[in-house]
>>> print(open('run_18.txt').read())   # compact mmCIF, C-alpha atoms
# COMPACT_ATOMS: atom_id res chain seq x y z
CA MET A 981 0.00 0.00 0.00
CA ARG A 982 1.39 3.41 -0.94
CA LYS A 983 1.73 5.78 1.96
CA MET A 984 0.93 9.46 1.63
CA GLU A 985 3.21 12.22 2.87
CA LEU A 986 1.83 14.14 5.85
CA PHE A 987 1.36 17.52 4.19
CA GLU A 988 0.09 15.92 0.99
CA ALA A 989 -2.67 14.36 3.11
CA ILE A 990 -3.48 17.79 4.54
CA LYS A 991 -3.61 19.29 1.05
CA ARG A 992 -5.94 16.52 -0.13
CA ASN A 993 -8.12 16.83 2.99
CA CYS A 994 -7.64 13.19 3.96
CA LEU A 995 -5.62 13.45 7.15
CA PRO A 996 -6.52 10.55 9.50
CA ASP A 997 -7.83 11.16 13.02
CA TYR A 998 -4.92 9.29 14.59
CA LEU A 999 -1.38 10.56 13.99
CA SER A 1000 1.87 9.16 15.34
CA ILE A 1001 4.05 11.02 17.81
CA LEU A 1002 6.55 11.60 15.01
CA GLN A 1003 3.80 12.95 12.75
CA TRP A 1004 2.47 15.27 15.48
CA GLU A 1005 5.90 16.77 16.12
CA ARG A 1006 6.35 17.39 12.38
CA LEU A 1007 2.89 18.94 12.21
CA MET A 1008 3.79 21.28 15.05
CA TYR A 1009 7.26 22.06 13.69
CA PRO A 1010 7.15 21.67 9.88
CA ASP A 1011 10.08 22.02 7.51
CA PRO A 1012 10.66 25.56 6.20
CA ASP A 1013 8.76 26.30 2.99
CA ASN A 1014 11.57 28.34 1.45
CA ARG A 1015 15.14 27.47 0.48
CA ARG A 1016 16.74 30.32 2.44
CA ASP A 1017 15.35 29.16 5.78
CA SER A 1018 15.95 25.49 4.99
CA GLU A 1019 19.65 26.21 4.44
CA ASP A 1020 20.03 28.42 7.52
CA HIS A 1021 22.12 26.31 9.91
CA ILE A 1022 20.98 28.12 13.05
CA LYS A 1023 17.29 27.76 12.15
CA LYS A 1024 17.85 24.10 11.31
CA ARG A 1025 19.40 23.46 14.74
CA VAL A 1026 16.55 25.29 16.48
CA LEU A 1027 13.99 23.28 14.50
CA THR A 1028 15.72 20.00 15.38
CA LEU A 1029 15.82 20.98 19.06
CA ASP A 1030 12.12 21.99 19.09
CA ARG A 1031 11.17 18.66 17.55
CA GLN A 1032 13.31 16.72 20.01
CA ILE A 1033 11.77 18.52 22.99
CA GLU A 1034 8.25 17.87 21.69
CA HIS A 1035 9.16 14.26 20.94
CA GLU A 1036 10.31 13.65 24.51
CA SER A 1037 7.37 15.59 25.99
CA LEU A 1038 4.78 13.54 24.11
CA ILE A 1039 6.39 10.22 25.05
CA ALA A 1040 6.54 11.31 28.69
CA ALA A 1041 2.88 12.43 28.55
CA CYS A 1042 1.83 9.04 27.16
CA LYS A 1043 3.73 7.26 29.92
CA ASN A 1044 1.92 9.47 32.43
CA GLY A 1045 -1.60 8.74 31.17
CA LEU A 1046 -2.19 10.59 27.89
CA PRO A 1047 -4.38 8.18 25.86
CA TYR A 1048 -2.63 6.61 22.87
CA GLN A 1049 -2.62 3.45 20.75
CA GLY A 1050 0.48 1.26 20.53
CA ASP A 1051 3.18 0.31 23.02
CA ILE A 1052 5.10 3.29 24.37
CA LYS A 1053 8.09 0.99 24.99
CA GLY A 1054 8.10 -0.07 21.33
CA TRP A 1055 6.98 -3.35 19.79
CA LYS A 1056 7.61 -5.68 16.91
CA TRP A 1057 5.48 -8.07 14.92
CA GLU A 1058 6.05 -10.78 12.33
CA TRP A 1059 4.80 -9.34 9.05
CA GLU A 1060 4.72 -12.66 7.17
CA TRP A 1061 2.55 -14.66 9.55
CA GLY A 1062 1.17 -12.17 12.01
CA THR A 1063 -0.57 -8.83 12.02
CA ASN A 1064 0.26 -5.57 13.71
CA PRO A 1065 -1.35 -5.79 17.19
CA TYR A 1066 -2.05 -2.05 16.99
CA PRO A 1067 -3.68 -1.59 13.55
CA SER A 1068 -4.50 2.09 14.16
CA THR A 1069 -0.75 2.81 14.01
CA ASP A 1070 -0.82 1.89 10.30
CA ASN A 1071 -2.46 5.15 9.29
CA GLY A 1072 -1.04 5.32 5.76
CA ILE A 1073 0.94 8.51 6.45
CA PHE A 1074 4.68 9.22 6.50
CA VAL A 1075 6.75 12.34 7.14
CA ARG A 1076 9.25 13.81 4.72
CA GLY A 1077 12.68 12.28 5.21
CA GLU A 1078 11.34 9.14 6.90
CA SER A 1079 12.51 5.89 5.33
CA GLN A 1080 9.81 4.00 3.44
CA VAL A 1081 11.77 0.75 3.29
CA SER A 1082 9.80 -1.89 5.19
CA ALA A 1083 11.13 -5.02 6.84
CA GLU A 1084 9.31 -7.03 4.16
CA ASN A 1085 11.17 -5.27 1.36
CA ILE A 1086 14.57 -6.09 2.82
CA GLY A 1087 13.72 -9.63 3.90
CA ILE A 1088 13.57 -9.13 7.67
CA PRO A 1089 10.77 -11.20 9.27
CA TRP A 1090 10.07 -8.66 12.03
CA GLU A 1091 8.60 -5.20 11.63
CA VAL A 1092 10.04 -3.08 14.45
CA CYS A 1093 7.95 -0.18 15.77
CA HIS A 1094 9.32 2.52 18.06
CA PRO A 1095 7.70 4.65 20.79
CA CYS A 1096 7.28 7.49 18.28
CA ASP A 1097 5.10 5.16 16.16
CA CYS A 1098 2.36 5.23 18.82
CA VAL A 1099 -0.64 7.23 17.63
CA ILE A 1100 -2.70 9.85 19.44
CA HIS A 1101 -6.24 10.86 18.51
CA LYS A 1102 -6.74 14.45 17.39
CA SER A 1103 -9.23 15.19 20.19
CA VAL A 1104 -6.72 14.08 22.83
CA MET A 1105 -4.01 16.10 21.11
CA GLN A 1106 -6.21 19.19 21.01
CA SER A 1107 -6.61 18.99 24.78
CA TYR A 1108 -2.88 18.41 25.21
CA LEU A 1109 -2.06 21.49 23.12
CA LYS A 1110 -4.49 23.63 25.07
CA ASN A 1111 -3.00 22.51 28.38
CA LYS A 1112 0.48 23.32 27.06
CA GLY A 1113 -0.58 26.77 25.84
CA LYS A 1114 0.12 25.82 22.22
CA TRP A 1115 -3.44 26.15 20.94
CA PRO A 1116 -4.58 26.99 18.32
CA LEU A 1117 -2.13 25.08 16.14
CA GLN A 1118 -1.69 26.99 12.91
CA VAL A 1119 -0.97 24.63 10.03
CA GLU A 1120 -1.29 25.81 6.46
CA GLY A 1121 -4.12 23.98 4.68
CA LEU A 1122 -5.44 22.26 7.81
CA HIS A 1123 -9.06 23.36 8.24
CA ASP A 1124 -10.59 23.98 11.65
CA SER A 1125 -13.30 21.45 10.77
CA TRP A 1126 -10.73 18.61 10.95
CA TRP A 1127 -10.43 19.15 14.68
CA THR A 1128 -14.18 18.97 15.23
CA ASP A 1129 -15.29 15.68 16.71
CA ASP A 1130 -18.98 15.23 15.85
CA GLU A 1131 -21.17 15.89 18.87
CA GLN A 1132 -18.34 14.81 21.13
CA ALA A 1133 -19.16 17.44 23.69
CA ALA A 1134 -22.68 16.04 24.03
CA GLU A 1135 -21.56 12.49 24.72
CA THR A 1136 -20.84 12.85 28.42
CA GLU A 1137 -21.73 15.17 31.24
CA THR A 1138 -18.27 16.32 32.26
CA GLU A 1139 -16.90 18.25 35.16
CA THR A 1140 -14.09 20.52 34.03
CA GLU A 1141 -12.24 20.63 37.36
CA GLY A 1142 -8.53 19.83 37.30
CA ASN A 1143 -5.94 20.39 34.61
CA HIS A 1144 -6.95 17.58 32.25
CA ALA A 1145 -9.44 18.19 29.46
CA PRO A 1146 -12.65 16.12 29.00
CA ASP A 1147 -11.51 14.50 25.73
CA GLU A 1148 -8.71 12.62 27.50
CA ARG A 1149 -11.10 11.38 30.20
CA GLN A 1150 -13.73 10.38 27.64
CA SER A 1151 -11.16 8.22 25.81
CA GLN A 1152 -10.76 6.07 28.93
CA LEU A 1153 -14.49 5.52 29.10
CA HIS A 1154 -14.68 4.80 25.36
CA ILE A 1155 -12.13 2.01 25.77
CA PHE A 1156 -14.29 0.45 28.52
CA ILE A 1157 -17.45 0.71 26.39
CA TRP A 1158 -15.70 -0.76 23.35
CA ARG A 1159 -14.36 -3.72 25.33
CA ALA A 1160 -17.90 -4.54 26.44
CA HIS A 1161 -19.13 -4.13 22.85
CA GLN A 1162 -16.43 -6.49 21.49
CA ALA A 1163 -17.31 -9.09 24.12
CA LEU A 1164 -20.63 -9.42 22.29
CA SER A 1165 -18.94 -10.16 18.96
CA GLN A 1166 -21.08 -13.28 18.54
CA LEU A 1167 -23.91 -10.86 17.80
CA LYS A 1168 -23.75 -9.20 14.38
CA ARG A 1169 -24.57 -5.79 15.78
CA PRO A 1170 -25.43 -5.71 19.49
CA THR A 1171 -27.98 -3.12 20.49
CA ALA A 1172 -27.11 -0.27 22.83
CA GLN A 1173 -29.17 -1.95 25.54
CA GLN A 1174 -27.29 -5.24 25.12
CA VAL A 1175 -23.97 -3.40 25.46
CA TRP A 1176 -25.29 -1.53 28.50
CA ASN A 1177 -26.39 -4.82 30.11
CA GLU A 1178 -22.95 -6.29 29.46
CA MET A 1179 -21.31 -3.32 31.17
CA GLN A 1180 -23.76 -3.40 34.05
CA HIS A 1181 -23.32 -7.10 34.85
CA ARG A 1182 -19.64 -7.59 33.92
CA HIS A 1183 -18.02 -4.21 34.26
CA LYS A 1184 -15.15 -5.61 36.36
CA THR A 1185 -14.16 -7.83 33.44
CA HIS A 1186 -13.94 -4.94 30.96
CA ASP A 1187 -12.67 -2.23 33.30
CA THR A 1188 -8.95 -2.76 32.67
CA ASP A 1189 -8.15 0.86 33.64
CA LYS A 1190 -10.03 0.54 36.98
CA ILE A 1191 -12.11 3.67 36.35
CA ILE A 1192 -15.67 2.36 36.85
CA GLN A 1193 -17.38 3.00 40.17
CA GLU A 1194 -20.87 1.75 39.32
CA VAL A 1195 -23.07 0.85 36.36
CA ASN A 1196 -26.79 0.78 37.04
CA GLY A 1197 -29.91 1.07 34.90
CA GLN A 1198 -29.68 4.85 34.64
CA GLU A 1199 -26.00 5.82 34.48
CA ILE A 1200 -22.33 4.89 34.54
CA LEU A 1201 -20.41 6.45 37.40
CA TRP A 1202 -16.68 6.55 36.82
CA CYS A 1203 -13.50 8.23 37.91
CA SER A 1204 -10.73 8.94 35.41
CA GLY A 1205 -7.10 8.19 36.04
CA TYR A 1206 -6.74 11.88 36.90
CA GLY A 1207 -9.18 11.59 39.82
CA ASN A 1208 -12.15 13.43 38.25
CA GLU A 1209 -15.56 11.87 38.94
CA GLN A 1210 -17.78 11.57 35.86
CA LYS A 1211 -21.10 10.08 34.79
CA LEU A 1212 -22.70 8.99 31.54
CA GLN A 1213 -26.49 8.88 31.42
CA ARG A 1214 -28.28 5.94 29.78
CA THR A 1215 -30.37 8.44 27.80
CA SER A 1216 -27.27 9.67 25.93
CA PHE A 1217 -25.58 6.28 25.57
CA ASP A 1218 -27.07 5.35 22.17
CA LYS A 1219 -25.45 8.38 20.54
CA THR A 1220 -22.17 7.78 22.36
CA LEU A 1221 -22.05 4.17 21.16
CA SER A 1222 -22.87 5.22 17.60
CA ASN A 1223 -19.93 7.64 17.57
CA ILE A 1224 -17.57 5.06 19.06
CA ARG A 1225 -18.55 2.57 16.37
CA LYS A 1226 -17.57 5.13 13.73
CA ASN A 1227 -14.17 5.64 15.35
CA PRO A 1228 -13.27 2.73 17.67
CA PRO A 1229 -10.56 3.42 20.28
CA PHE A 1230 -8.69 0.24 19.32
>>> encode(input="run_18.txt", output="structure tokens")
Amino acid sequence: MRKMELFEAIKRNCLPDYLSILQWERLMYPDPDNRRDSEDHIKKRVLTLDRQIEHESLIAACKNGLPYQGDIKGWKWEWEWGTNPYPSTDNGIFVRGESQVSAENIGIPWEVCHPCDCVIHKSVMQSYLKNKGKWPLQVEGLHDSWWTDDEQAAETETETEGNHAPDERQSQLHIFIWRAHQALSQLKRPTAQQVWNEMQHRHKTHDTDKIIQEVNGQEILWCSGYGNEQKLQRTSFDKTLSNIRKNPPF
């Protein structure tokens, strides 16, 4: 499959919702668009340093609870017989200067993925940028509409206390919901009520992040890894599940 360069994807309006740590740092600190700046040694060193700082900051944030997909310690998988255990990291995008030679092309049985190959959803990244004082992110050709997550704000009743934005907390809940949904894979398309029943009766099985306090007939009470108490009403769950199905967390 041919991969598309990051800024080509922006130009064609087909940038995926999940970008890798490497792709995010290049989006935040792009290459100069003129020859004079690109050949300025001081500016090149500053750009390299900015990228390195952002690279290390994002990896540290993921280790400290920022939601991501992948293994922040790195991982490898056998391309001939196996499949990438984190399919969302194969987003079809590469950054300029990144090697496009795969393990398959050079006869190595293992595809090695690094911490910077972990991907972060745009909604989580938006919250991260706001918390860091780096919002809005001005990228030529990237429309504001790309950042909009359909009706995301209406999915949960959030309390905005603390320093962590609702999108990061919602991602933890979405993982719990999706685990319950996938447990019903024997059903072609489980109903929202069937998923709710699964969560209500077996929430300890699916609550790998230990965030759920209670699931009853009316609401889910949960506490994020950042200590903020939240709730999701049954009346808004159908819409939440519909949106998660369009963009599963894993």
>>> closest_atom_pairs(input="run_18.txt", of="range 1014-1051 of chain A", to="range 1088-1107 of chain A", cutoff="10 Å", atoms="all atoms listed in the file", output="CSV")
residue,atom,partner,partner_atom,distance
A:His1035,CA,A:Cys1096,CA,7.5
A:Glu1036,CA,A:Cys1096,CA,9.3
A:Leu1038,CA,A:Cys1096,CA,8.8
A:Ile1039,CA,A:Pro1095,CA,7.1
A:Cys1042,CA,A:Ile1100,CA,9.0
A:Leu1046,CA,A:Val1104,CA,7.6
A:Pro1047,CA,A:Ile1100,CA,6.8
A:Tyr1048,CA,A:Ile1100,CA,4.7
A:Gln1049,CA,A:Val1099,CA,5.3
A:Gly1050,CA,A:Cys1098,CA,4.7
A:Asp1051,CA,A:Cys1098,CA,6.5
>>> write_last_selection(input="run_18.txt", atoms="C-alpha atoms", output="compact mmCIF listing (two decimals), in the frame of the given file")
# COMPACT_ATOMS: atom_id res chain seq x y z
CA HIS A 1035 9.16 14.26 20.94
CA GLU A 1036 10.31 13.65 24.51
CA LEU A 1038 4.78 13.54 24.11
CA ILE A 1039 6.39 10.22 25.05
CA CYS A 1042 1.83 9.04 27.16
CA LEU A 1046 -2.19 10.59 27.89
CA PRO A 1047 -4.38 8.18 25.86
CA TYR A 1048 -2.63 6.61 22.87
CA GLN A 1049 -2.62 3.45 20.75
CA GLY A 1050 0.48 1.26 20.53
CA ASP A 1051 3.18 0.31 23.02
>>> residues_around(input="run_18.txt", residues="Gln1180 in chain A", least_positions_apart="3", cutoff="6 Å", atoms="all atoms listed in the file", output="list of chain:residue names")
A:Asn1177, A:His1183, A:Val1195, A:Asn1196
>>> residues_near_point(input="run_18.txt", point="(-5.5, 26.8, -1.1)", cutoff="12 Å", atoms="all atoms listed in the file", output="VMD selection string")
chain A and resid 990 to 993 1120 to 1123
>>> atom_distance(input="run_18.txt", atom1="CA of Thr1215 in chain A", atom2="CA of Arg1169 in chain A")
19.5 Å
>>> closest_residue(input="run_18.txt", among="A:Lys1023, A:Arg1076, A:Arg1016, A:Lys1053", to="Leu986 in chain A", atoms="only C-alpha atoms")
A:Arg1076
>>> closest_residue(input="run_18.txt", among="A:Arg1006, A:Lys983, A:Arg1015, A:His1161", to="Glu1034 in chain A", atoms="all atoms listed in the file")
A:Arg1006
>>> atom_distance(input="run_18.txt", atom1="CA of Leu1002 in chain A", atom2="CA of Met984 in chain A")
14.7 Å
>>> closest_residue(input="run_18.txt", among="A:Lys1168, A:Lys1110, A:Lys1024, A:Pro996", to="Asp1070 in chain A", atoms="all atoms listed in the file")
A:Pro996
>>> atom_distance(input="run_18.txt", atom1="CA of Leu1221 in chain A", atom2="CA of Pro1170 in chain A")
10.6 Å
>>> closest_residue(input="run_18.txt", among="A:Ala1041, A:Trp1126, A:Trp1176, A:Pro1229", to="Cys994 in chain A", atoms="only C-alpha atoms")
A:Trp1126
>>> residues_around(input="run_18.txt", residues="Arg1159 in chain A", least_positions_apart="4", cutoff="12 Å", atoms="all atoms listed in the file", output="PyMOL selection string")
chain A and resi 1152-1155+1163-1165+1175-1176+1178-1179+1182-1189+1221+1224-1225+1228-1230
>>> residues_around(input="run_18.txt", residues="Asp1011 in chain A", least_positions_apart="6", cutoff="12 Å", atoms="all atoms listed in the file", output="list in words")
Leu986, Phe987, Glu1005, Asp1017, Ser1018, Glu1019, Asp1020, Lys1023, Lys1024, Arg1025, Val1026, Leu1027, Thr1028, Asp1030, Arg1031, Val1075, Arg1076, Gly1077 and Val1119 of chain A
